[in-house]
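Structure data (compact mmCIF, C-alpha atoms) from run_8.txt:
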```txt
# COMPACT_ATOMS: atom_id res chain seq x y z
CA MET A 20 0.00 0.00 0.00
CA ASN A 21 1.17 3.51 -0.84
CA GLU A 22 2.75 5.17 2.23
CA THR A 23 0.70 8.36 1.82
CA LEU A 24 -2.54 6.36 1.54
CA LYS A 25 -1.58 4.26 4.55
CA ARG A 26 -0.91 7.40 6.57
CA ALA A 27 -4.19 8.98 5.48
CA ILE A 28 -6.27 5.90 6.39
CA SER A 29 -4.68 5.38 9.81
CA GLY A 30 -4.99 9.11 10.54
CA ALA A 31 -8.67 9.11 9.56
CA VAL A 32 -9.37 6.04 11.74
CA TYR A 33 -7.64 7.73 14.68
CA ILE A 34 -9.62 10.97 14.32
CA ILE A 35 -12.97 9.16 13.86
CA LEU A 36 -12.31 6.96 16.91
CA LEU A 37 -11.19 9.93 19.00
CA LEU A 38 -14.10 12.21 18.11
CA SER A 39 -16.67 9.40 18.40
CA CYS A 40 -15.57 8.53 21.93
CA ILE A 41 -15.45 12.17 23.02
CA LEU A 42 -18.92 12.85 21.60
CA TYR A 43 -20.57 9.69 22.95
CA SER A 44 -19.97 10.05 26.69
CA LYS A 45 -17.38 10.78 29.34
CA GLU A 46 -17.19 7.02 30.02
CA SER A 47 -16.31 6.19 26.40
CA LEU A 48 -13.66 8.94 26.49
CA ALA A 49 -12.27 7.48 29.72
CA ILE A 50 -12.11 3.97 28.24
CA LEU A 51 -10.35 5.20 25.08
CA PHE A 52 -7.78 7.24 27.00
CA GLY A 53 -7.31 4.36 29.43
CA VAL A 54 -6.33 2.16 26.47
CA PHE A 55 -4.15 4.96 25.08
CA LEU A 56 -2.50 5.28 28.50
CA VAL A 57 -1.51 1.61 28.66
CA ILE A 58 0.03 1.83 25.18
CA ALA A 59 1.75 5.13 26.01
CA VAL A 60 3.24 3.68 29.20
CA PHE A 61 4.57 0.73 27.22
CA GLU A 62 6.12 3.11 24.68
CA PHE A 63 7.59 5.34 27.38
CA CYS A 64 9.16 2.27 29.02
CA LYS A 65 11.05 1.69 25.76
CA LEU A 66 12.19 5.31 25.70
CA ALA A 67 13.21 5.39 29.36
CA SER A 68 14.29 1.76 29.87
CA LEU A 69 11.68 1.00 32.54
CA ASN A 70 10.05 -2.28 33.51
CA TYR A 71 6.54 -2.25 32.03
CA TYR A 72 5.47 -5.18 34.24
CA VAL A 73 5.72 -2.69 37.11
CA THR A 74 4.64 0.52 35.38
CA ILE A 75 1.51 -0.68 33.55
CA PRO A 76 -0.25 -1.95 36.74
CA ILE A 77 0.64 1.35 38.47
CA ALA A 78 -0.84 3.30 35.56
CA ILE A 79 -4.04 1.22 35.48
CA ILE A 80 -4.62 1.55 39.25
CA LEU A 81 -4.04 5.32 39.30
CA TYR A 82 -6.21 5.86 36.22
CA TYR A 83 -9.05 3.69 37.55
CA TYR A 84 -9.30 5.59 40.83
CA LEU A 85 -8.65 9.11 39.53
CA TRP A 86 -10.17 9.45 36.03
CA ASP A 87 -13.54 10.86 37.17
CA LYS A 88 -13.19 14.48 38.27
CA ASN A 89 -16.57 14.37 40.03
CA THR A 90 -15.17 11.87 42.56
CA VAL A 91 -11.93 13.80 43.13
CA SER A 92 -11.56 16.63 45.63
CA VAL A 93 -10.37 20.05 44.51
CA ASN A 94 -7.24 19.61 46.64
CA LEU A 95 -6.36 16.37 44.88
CA TRP A 96 -7.10 17.90 41.47
CA THR A 97 -4.81 20.80 42.40
CA GLY A 98 -2.07 18.43 43.58
CA ILE A 99 -2.16 16.34 40.40
CA SER A 100 -2.14 19.45 38.18
CA VAL A 101 0.68 21.18 40.07
CA PHE A 102 2.79 18.01 40.13
CA SER A 103 2.36 17.47 36.38
CA THR A 104 3.12 21.12 35.68
CA LEU A 105 6.33 20.94 37.73
CA ILE A 106 7.35 17.83 35.79
CA GLY A 107 6.65 19.80 32.63
CA VAL A 108 8.99 22.55 33.84
CA LYS A 109 11.65 19.94 34.62
CA LEU A 110 11.34 18.57 31.08
CA LEU A 111 11.66 22.09 29.66
CA LEU A 112 14.93 22.51 31.56
CA TYR A 113 15.98 19.13 30.16
CA LEU A 114 15.08 20.29 26.64
CA TYR A 115 17.25 23.40 26.92
CA ASN A 116 20.16 21.64 28.61
CA VAL A 117 22.30 20.39 25.72
CA ARG A 118 24.52 18.33 28.06
CA LYS A 119 21.64 16.59 29.86
CA THR A 120 20.70 13.30 28.22
CA LYS A 121 20.03 10.62 30.84
CA PHE A 122 17.86 10.57 33.96
CA LYS A 123 18.40 8.51 37.09
CA LEU A 124 16.10 5.51 37.54
CA ALA A 125 14.01 7.13 40.30
CA THR A 126 13.59 10.28 38.18
CA ARG A 127 12.37 8.20 35.24
CA TYR A 128 9.61 6.71 37.38
CA ILE A 129 8.64 10.20 38.57
CA LEU A 130 8.54 11.35 34.94
CA LEU A 131 6.32 8.40 34.09
CA ILE A 132 3.75 9.57 36.64
CA GLY A 133 3.93 13.32 35.98
CA TYR A 134 4.55 13.31 32.23
CA ILE A 135 2.46 10.30 31.15
CA ILE A 136 -0.04 8.98 33.73
CA PHE A 137 -1.36 12.18 35.31
CA PRO A 138 -1.86 14.04 31.98
CA PHE A 139 -3.99 11.18 30.67
CA ILE A 140 -6.08 11.41 33.84
CA LEU A 141 -6.31 15.20 33.58
CA THR A 142 -7.53 14.99 29.99
CA ASN A 143 -10.82 13.62 31.36
CA TYR A 144 -11.11 16.62 33.69
CA ILE A 145 -10.97 19.14 30.84
CA CYS A 146 -14.41 18.09 29.59
CA ILE A 147 -16.12 18.93 32.87
CA GLY A 148 -17.69 22.36 32.56
CA LYS A 149 -20.09 24.41 34.63
CA GLY A 150 -22.09 22.52 37.22
CA ASN A 151 -19.70 19.55 36.89
CA ARG A 152 -21.47 18.57 33.66
CA TYR A 153 -19.72 16.74 30.82
CA ASN A 154 -19.12 19.11 27.90
CA GLU A 155 -17.50 17.35 24.96
CA LYS A 156 -17.16 20.64 23.04
CA ILE A 157 -14.34 21.79 25.34
CA LEU A 158 -11.97 18.92 24.55
CA ILE A 159 -12.89 18.88 20.86
CA THR A 160 -12.06 22.59 20.65
CA ILE A 161 -8.69 21.97 22.30
CA PHE A 162 -7.87 19.13 19.90
CA ILE A 163 -8.87 21.24 16.90
CA SER A 164 -6.71 24.07 18.26
CA ILE A 165 -3.72 21.71 18.50
CA TRP A 166 -4.29 20.45 14.96
CA THR A 167 -4.66 24.05 13.74
CA ASN A 168 -1.40 25.01 15.43
CA ASP A 169 0.45 22.04 13.88
CA THR A 170 -1.01 22.65 10.42
CA PHE A 171 -0.35 26.37 10.20
CA ALA A 172 3.03 26.16 11.91
CA TYR A 173 3.98 23.72 9.14
CA LEU A 174 2.46 25.77 6.29
CA VAL A 175 3.83 29.13 7.43
CA GLY A 176 7.21 27.60 8.25
CA LYS A 177 7.44 25.83 4.90
CA ASN A 178 6.61 28.97 2.91
CA PHE A 179 8.11 31.75 5.03
CA GLY A 180 10.36 30.10 7.59
CA LYS A 181 13.98 31.21 7.70
CA ARG A 182 15.08 31.12 11.34
CA LYS A 183 15.25 27.73 13.06
CA LEU A 184 13.30 27.37 16.29
CA PHE A 185 15.23 24.47 17.84
CA PRO A 186 17.58 22.96 15.24
CA SER A 187 19.33 20.52 17.60
CA VAL A 188 16.06 18.66 18.23
CA SER A 189 13.76 19.48 15.31
CA PRO A 190 15.53 20.99 12.29
CA LYS A 191 12.29 21.67 10.38
CA LYS A 192 10.56 23.90 12.95
CA THR A 193 11.01 27.63 12.44
CA ILE A 194 10.31 30.76 14.47
CA GLU A 195 8.10 32.09 11.66
CA GLY A 196 6.13 28.84 11.66
CA PHE A 197 5.70 29.01 15.43
CA ILE A 198 4.36 32.59 15.23
CA GLY A 199 2.02 31.60 12.40
CA GLY A 200 0.74 28.67 14.45
CA VAL A 201 0.01 30.93 17.44
CA PHE A 202 -1.81 33.49 15.28
CA PHE A 203 -4.09 31.03 13.49
CA THR A 204 -4.74 29.03 16.66
CA ILE A 205 -6.01 32.19 18.36
CA ILE A 206 -8.30 32.91 15.38
CA CYS A 207 -9.55 29.29 15.42
CA SER A 208 -10.15 29.39 19.18
CA ILE A 209 -12.11 32.67 18.97
CA LEU A 210 -14.37 31.29 16.23
CA LEU A 211 -14.98 27.96 17.97
CA SER A 212 -15.60 29.52 21.37
CA LYS A 213 -18.10 31.96 19.89
CA TYR A 214 -19.98 29.76 17.42
CA TYR A 215 -19.40 26.18 18.67
CA ILE A 216 -19.06 26.43 22.45
CA GLU A 217 -21.19 29.60 22.42
CA THR A 218 -19.51 31.27 25.37
CA LYS A 219 -19.29 34.95 26.14
CA ASN A 220 -15.92 34.54 27.87
CA ILE A 221 -13.91 34.57 24.66
CA TYR A 222 -10.86 36.01 26.44
CA ILE A 223 -10.53 32.69 28.32
CA TRP A 224 -10.26 30.84 25.04
CA ILE A 225 -7.70 33.30 23.69
CA ILE A 226 -5.53 32.47 26.72
CA ILE A 227 -6.14 28.73 26.19
CA ALA A 228 -5.16 29.13 22.52
CA ILE A 229 -1.85 30.73 23.55
CA ILE A 230 -1.25 27.96 26.11
CA VAL A 231 -2.03 25.35 23.43
CA SER A 232 0.30 26.88 20.84
CA ILE A 233 3.25 27.32 23.17
CA PHE A 234 3.07 24.09 25.14
CA SER A 235 1.98 21.78 22.30
CA THR A 236 5.07 22.91 20.37
CA LEU A 237 7.28 22.38 23.43
CA GLY A 238 5.68 18.98 24.08
CA ASP A 239 6.53 17.89 20.55
CA LEU A 240 10.13 19.09 20.97
CA ILE A 241 10.51 17.28 24.30
CA GLU A 242 9.34 13.98 22.85
CA SER A 243 11.66 14.50 19.87
CA LYS A 244 14.60 14.91 22.26
CA LEU A 245 13.59 11.81 24.25
CA LYS A 246 13.50 9.81 21.01
CA ARG A 247 16.84 11.19 19.87
CA VAL A 248 18.45 10.22 23.18
CA ALA A 249 16.87 6.75 22.95
CA GLU A 250 18.01 6.59 19.29
CA ILE A 251 14.61 5.63 17.90
CA LYS A 252 12.59 7.24 15.11
CA ASP A 253 9.08 6.64 16.48
CA SER A 254 7.77 5.81 19.95
CA GLY A 255 5.86 2.85 18.47
CA ASN A 256 4.25 1.50 15.31
CA ILE A 257 0.60 1.08 16.29
CA MET A 258 -0.47 3.72 13.74
CA PRO A 259 0.95 3.00 10.27
CA GLY A 260 2.66 6.08 8.88
CA HIS A 261 2.26 8.00 12.15
CA GLY A 262 4.23 6.01 14.71
CA GLY A 263 3.02 5.38 18.24
CA ILE A 264 0.47 6.83 20.63
CA LEU A 265 3.07 9.15 22.16
CA ASP A 266 3.89 10.45 18.68
CA ARG A 267 0.22 11.39 18.23
CA LEU A 268 -0.52 12.61 21.76
CA ASP A 269 2.77 14.23 22.82
CA SER A 270 1.22 17.69 22.34
CA ILE A 271 -2.00 17.11 24.27
CA ILE A 272 -0.37 15.39 27.27
CA PHE A 273 2.04 18.29 27.69
CA VAL A 274 -0.67 20.94 27.22
CA VAL A 275 -3.30 19.41 29.52
CA PRO A 276 -1.60 20.04 32.90
CA PHE A 277 -1.09 23.73 32.07
CA ILE A 278 -4.74 24.12 30.99
CA ASN A 279 -5.86 22.44 34.21
CA LEU A 280 -3.66 24.83 36.17
CA PHE A 281 -5.31 27.73 34.33
CA TYR A 282 -8.74 26.26 35.21
CA LEU A 283 -7.68 26.10 38.86
CA ILE A 284 -6.48 29.72 38.85
CA LEU A 285 -9.91 30.76 37.52
CA TYR A 286 -11.58 28.56 40.16
CA TYR A 287 -9.63 29.98 43.10
CA VAL A 288 -9.89 33.59 41.86
CA SER A 289 -13.66 33.32 41.38
```
Using the file provided, produce a representation of the structure as structure tokens.
Amino acid sequence: MNETLKRAISGAVYIILLLSCILYSKESLAILFGVFLVIAVFEFCKLASLNYYVTIPIAIILYYYLWDKNTVSVNLWTGISVFSTLIGVKLLLYLYNVRKTKFKLATRYILLIGYIIFPFILTNYICIGKGNRYNEKILITIFISIWTNDTFAYLVGKNFGKRKLFPSVSPKKTIEGFIGGVFFTIICSILLSKYYIETKNIYIWIIIAIIVSIFSTLGDLIESKLKRVAEIKDSGNIMPGHGGILDRLDSIIFVVPFINLFYLILYYVS
């Protein structure tokens, strides 16, 4: 089969499965991301040289007890979000430290929890809107914003990009592409928040769009560095032409903790 056709089919199946589960119910979303989590943990174990016989049961237990935001206290939600955000900051320092390549064993297990397990749990929390009701439009808007950022960062970078954003990790990304991605993601977020979500608080979605653009790009760069250090091209091969689950979800799992932290700031301020 032609590689382009294979990539298009697997990509279409992924998007249809993702959107169908998000739209159907919060339980179907939880099941899908639970499956994604198990695969992602397995892939991360390859990247970080961890024992998946230990890590997968840990991931399943934590996910089972924590996936439903309505059964979790605000303090626990805050703790999970802050911990994941701090791990994100640690990974950013790792990204910008050209001499840092390997983590100690204990640190790798901490990264597994904060970088992989907790973000998959927190993804379920994003869909809970006012009155603790499930609102699938929120997560769909965030996914579309990520896809918009990726698409326009690529198109603007390809046509106008001259200055490299992070050549040591991703030679194709440019500063011009990054700026283009931010601009069009903001436009996309404004339109979706106004006509799809139908909210009056459009400024909130402008901030979320900026968070999405910045941290989805950084999440992609971090996973690229982890793969370079591990000397592998893709995190897995479950999606023909696209790689593994981490290759597809590296942006969302890095973005989600920061969006949850923004939610919490709004909660505590209000």
| task | Skip range 201-217 of chain A itself and residues of its chain fewer than 4 positions away, then list as a PyMOL selection string all residues within 9 Å of it, counting all atoms listed in the file. | result | chain A and resi 156-157+160-161+163-168+171-172+196-197+221-222+224-229+231-233
Would you write out those residues with C-alpha atoms, as a PDB file, in the coordinates of the input?
```pdb
ATOM      1  CA  LYS A 156     -17.160  20.640  23.040  1.00  0.00           C
ATOM      2  CA  ILE A 157     -14.340  21.790  25.340  1.00  0.00           C
ATOM      3  CA  THR A 160     -12.060  22.590  20.650  1.00  0.00           C
ATOM      4  CA  ILE A 161      -8.690  21.970  22.300  1.00  0.00           C
ATOM      5  CA  ILE A 163      -8.870  21.240  16.900  1.00  0.00           C
ATOM      6  CA  SER A 164      -6.710  24.070  18.260  1.00  0.00           C
ATOM      7  CA  ILE A 165      -3.720  21.710  18.500  1.00  0.00           C
ATOM      8  CA  TRP A 166      -4.290  20.450  14.960  1.00  0.00           C
ATOM      9  CA  THR A 167      -4.660  24.050  13.740  1.00  0.00           C
ATOM     10  CA  ASN A 168      -1.400  25.010  15.430  1.00  0.00           C
ATOM     11  CA  PHE A 171      -0.350  26.370  10.200  1.00  0.00           C
ATOM     12  CA  ALA A 172       3.030  26.160  11.910  1.00  0.00           C
ATOM     13  CA  GLY A 196       6.130  28.840  11.660  1.00  0.00           C
ATOM     14  CA  PHE A 197       5.700  29.010  15.430  1.00  0.00           C
ATOM     15  CA  ILE A 221     -13.910  34.570  24.660  1.00  0.00           C
ATOM     16  CA  TYR A 222     -10.860  36.010  26.440  1.00  0.00           C
ATOM     17  CA  TRP A 224     -10.260  30.840  25.040  1.00  0.00           C
ATOM     18  CA  ILE A 225      -7.700  33.300  23.690  1.00  0.00           C
ATOM     19  CA  ILE A 226      -5.530  32.470  26.720  1.00  0.00           C
ATOM     20  CA  ILE A 227      -6.140  28.730  26.190  1.00  0.00           C
ATOM     21  CA  ALA A 228      -5.160  29.130  22.520  1.00  0.00           C
ATOM     22  CA  ILE A 229      -1.850  30.730  23.550  1.00  0.00           C
ATOM     23  CA  VAL A 231      -2.030  25.350  23.430  1.00  0.00           C
ATOM     24  CA  SER A 232       0.300  26.880  20.840  1.00  0.00           C
ATOM     25  CA  ILE A 233       3.250  27.320  23.170  1.00  0.00           C
TER      26      ILE A 233
END
```
| field | Residue neighbourhood range 282-285 of chain A, 9 Å, only C-alpha atoms, exclusion window fewer than 2 positions, as a ChimeraX atom specification | value | /A:93,96-97,100,145,277-280,287-289
| note | Using only C-alpha atoms, the shortest atom-to-atom distance to Leu114 in chain A among A:Leu37, A:Ile198, A:Leu245, A:Leu265 belongs to A:Leu245
| field | Which of A:Gly180, A:Gly238, A:Tyr128, A:Thr104 sits closest to Phe281 in chain A [using all atoms listed in the file] | value |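 Once distances to Phe281 in chain A are computed over all atoms listed in the file, the minimum belongs to A:Thr104.
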| Closest to Ala49 in chain A among A:Leu69, A:Leu130, A:Ile79, A:Ile257, using all atoms listed in the file? |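 Closest to Ala49 in chain A, using all atoms listed in the file: A:Ile79.
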| Long-range neighbours of Ile80 in chain A as JSON, numbers by chain, 12 Å cut-off, all atoms listed in the file, 5 positions minimum in chain | {"A": [53, 56, 57, 73, 74, 75, 85, 86, 132, 136, 137, 140]}
| Length of the CA of Leu240 in chain A to CA of Phe63 in chain A vector [Å] |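 Atom-to-atom, CA of Leu240 in chain A and CA of Phe63 in chain A are spaced 15.4 Å apart.
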| field | Nearby residues (only C-alpha atoms) at most 7 Å from Asp239 in chain A, same-chain spacing under 4 positions excluded, as a PyMOL selection string | value | chain A and resi 235+243+269-270
| Which is closer to Tyr113 in chain A than all the others in A:Leu81, A:Lys252, A:Ile99, A:Lys244, using all atoms listed in the file? |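 Checking each candidate against Tyr113 in chain A, we get A:Lys244 as the closest.
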| Given only C-alpha atoms as the counted atoms, nearest of A:Leu112, A:Ile28, A:Ile135, A:Ala125 to Ile264 in chain A |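 The shortest atom-to-atom distance to Ile264 in chain A comes from A:Ile135.
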| field | Atomic separation - CA of Ile272 in chain A relative to CA of Leu131 in chain A, Å | value |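 The value is 11.8 Å.
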| Selected residue of minimal separation from Asp169 in chain A among A:Ile271, A:Leu36, A:Leu141, A:Ile129, counting all atoms listed in the file |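 Among the listed residues, A:Ile271 lies closest to Asp169 in chain A.
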| request: Please provide the set of residues having any atom within 9 Å of Lys45 in chain A, restricted to all atoms listed in the file, with same-chain residues fewer than 5 positions apart removed, written as a ChimeraX atom specification. | output: /A:40,50,87,143,146-147,153-155
So that all listed atoms of range 160-168 of chain A fit with 6 Å spare on each side, what axis-aligned box centre and edge lengths in Å, to one decimal, would you give as AutoDock Vina command-line options?
```
--center_x -6.7 --center_y 22.1 --center_z 18.0 --size_x 22.7 --size_y 17.9 --size_z 20.6
```
| Interatomic distance, CA of Pro190 in chain A to CA of Asp266 in chain A (Å, one decimal) |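 Between CA of Pro190 in chain A and CA of Asp266 in chain A the gap works out to 17.0 Å.
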Is it possible to add all heavy atoms to range 42-53 of chain A and hand it back as a short mmCIF file (atom, residue, chain, number, x, y, z; two decimals), in the coordinates of the input?
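Once everything was written out, this is rebuild15.cif:
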```
data_model
loop_
_atom_site.label_atom_id
_atom_site.label_comp_id
_atom_site.auth_asym_id
_atom_site.auth_seq_id
_atom_site.Cartn_x
_atom_site.Cartn_y
_atom_site.Cartn_z
N LEU A 42 -17.54 12.43 21.79
CA LEU A 42 -18.92 12.85 21.60
C LEU A 42 -19.91 11.94 22.30
O LEU A 42 -20.98 12.39 22.74
CB LEU A 42 -19.25 12.91 20.10
CG LEU A 42 -18.61 14.07 19.32
CD1 LEU A 42 -18.74 13.83 17.82
CD2 LEU A 42 -19.27 15.38 19.69
N TYR A 43 -19.60 10.65 22.42
CA TYR A 43 -20.57 9.69 22.95
C TYR A 43 -20.83 9.89 24.44
O TYR A 43 -21.97 10.06 24.86
CB TYR A 43 -20.10 8.26 22.68
CG TYR A 43 -21.16 7.23 23.02
CD1 TYR A 43 -22.28 7.07 22.21
CD2 TYR A 43 -21.03 6.42 24.14
CE1 TYR A 43 -23.25 6.14 22.51
CE2 TYR A 43 -22.01 5.48 24.46
CZ TYR A 43 -23.12 5.35 23.64
OH TYR A 43 -24.09 4.44 23.96
N SER A 44 -19.79 9.87 25.25
CA SER A 44 -19.97 10.05 26.69
C SER A 44 -18.61 10.21 27.37
O SER A 44 -17.57 9.91 26.78
CB SER A 44 -20.69 8.85 27.32
OG SER A 44 -19.86 7.70 27.30
N LYS A 45 -18.63 10.65 28.61
CA LYS A 45 -17.38 10.78 29.34
C LYS A 45 -16.80 9.40 29.66
O LYS A 45 -15.59 9.25 29.79
CB LYS A 45 -17.56 11.59 30.62
CG LYS A 45 -18.28 10.90 31.77
CD LYS A 45 -18.23 11.79 33.01
CE LYS A 45 -18.80 11.07 34.23
NZ LYS A 45 -18.71 11.90 35.46
N GLU A 46 -17.67 8.38 29.76
CA GLU A 46 -17.19 7.02 30.02
C GLU A 46 -16.45 6.45 28.80
O GLU A 46 -15.41 5.81 28.96
CB GLU A 46 -18.35 6.10 30.40
CG GLU A 46 -18.94 6.35 31.77
CD GLU A 46 -19.87 7.55 31.82
OE1 GLU A 46 -20.30 8.02 30.74
OE2 GLU A 46 -20.19 8.03 32.93
N SER A 47 -16.99 6.69 27.60
CA SER A 47 -16.31 6.19 26.40
C SER A 47 -14.97 6.91 26.20
O SER A 47 -13.99 6.30 25.77
CB SER A 47 -17.20 6.37 25.16
OG SER A 47 -17.52 7.73 24.95
N LEU A 48 -14.93 8.20 26.53
CA LEU A 48 -13.66 8.94 26.49
C LEU A 48 -12.67 8.34 27.48
O LEU A 48 -11.49 8.14 27.14
CB LEU A 48 -13.90 10.41 26.81
CG LEU A 48 -12.64 11.27 27.05
CD1 LEU A 48 -11.80 11.36 25.79
CD2 LEU A 48 -13.03 12.66 27.55
N ALA A 49 -13.15 8.04 28.68
CA ALA A 49 -12.27 7.48 29.72
C ALA A 49 -11.72 6.13 29.31
O ALA A 49 -10.54 5.83 29.53
CB ALA A 49 -13.04 7.36 31.03
N ILE A 50 -12.56 5.30 28.68
CA ILE A 50 -12.11 3.97 28.24
C ILE A 50 -11.04 4.12 27.15
O ILE A 50 -10.00 3.46 27.19
CB ILE A 50 -13.29 3.13 27.73
CG1 ILE A 50 -14.21 2.76 28.89
CG2 ILE A 50 -12.80 1.87 27.01
CD1 ILE A 50 -15.54 2.15 28.46
N LEU A 51 -11.31 5.00 26.18
CA LEU A 51 -10.35 5.20 25.08
C LEU A 51 -9.02 5.69 25.62
O LEU A 51 -7.95 5.16 25.26
CB LEU A 51 -10.91 6.20 24.07
CG LEU A 51 -9.96 6.55 22.91
CD1 LEU A 51 -9.74 5.33 22.02
CD2 LEU A 51 -10.51 7.72 22.09
N PHE A 52 -9.04 6.70 26.49
CA PHE A 52 -7.78 7.24 27.00
C PHE A 52 -7.12 6.29 28.00
O PHE A 52 -5.91 6.34 28.19
CB PHE A 52 -8.00 8.63 27.60
CG PHE A 52 -7.74 9.72 26.61
CD1 PHE A 52 -8.66 10.00 25.61
CD2 PHE A 52 -6.56 10.43 26.63
CE1 PHE A 52 -8.42 10.98 24.67
CE2 PHE A 52 -6.30 11.41 25.69
CZ PHE A 52 -7.23 11.70 24.70
N GLY A 53 -7.90 5.40 28.61
CA GLY A 53 -7.31 4.36 29.43
C GLY A 53 -6.50 3.39 28.58
O GLY A 53 -5.38 2.99 28.95
#
```
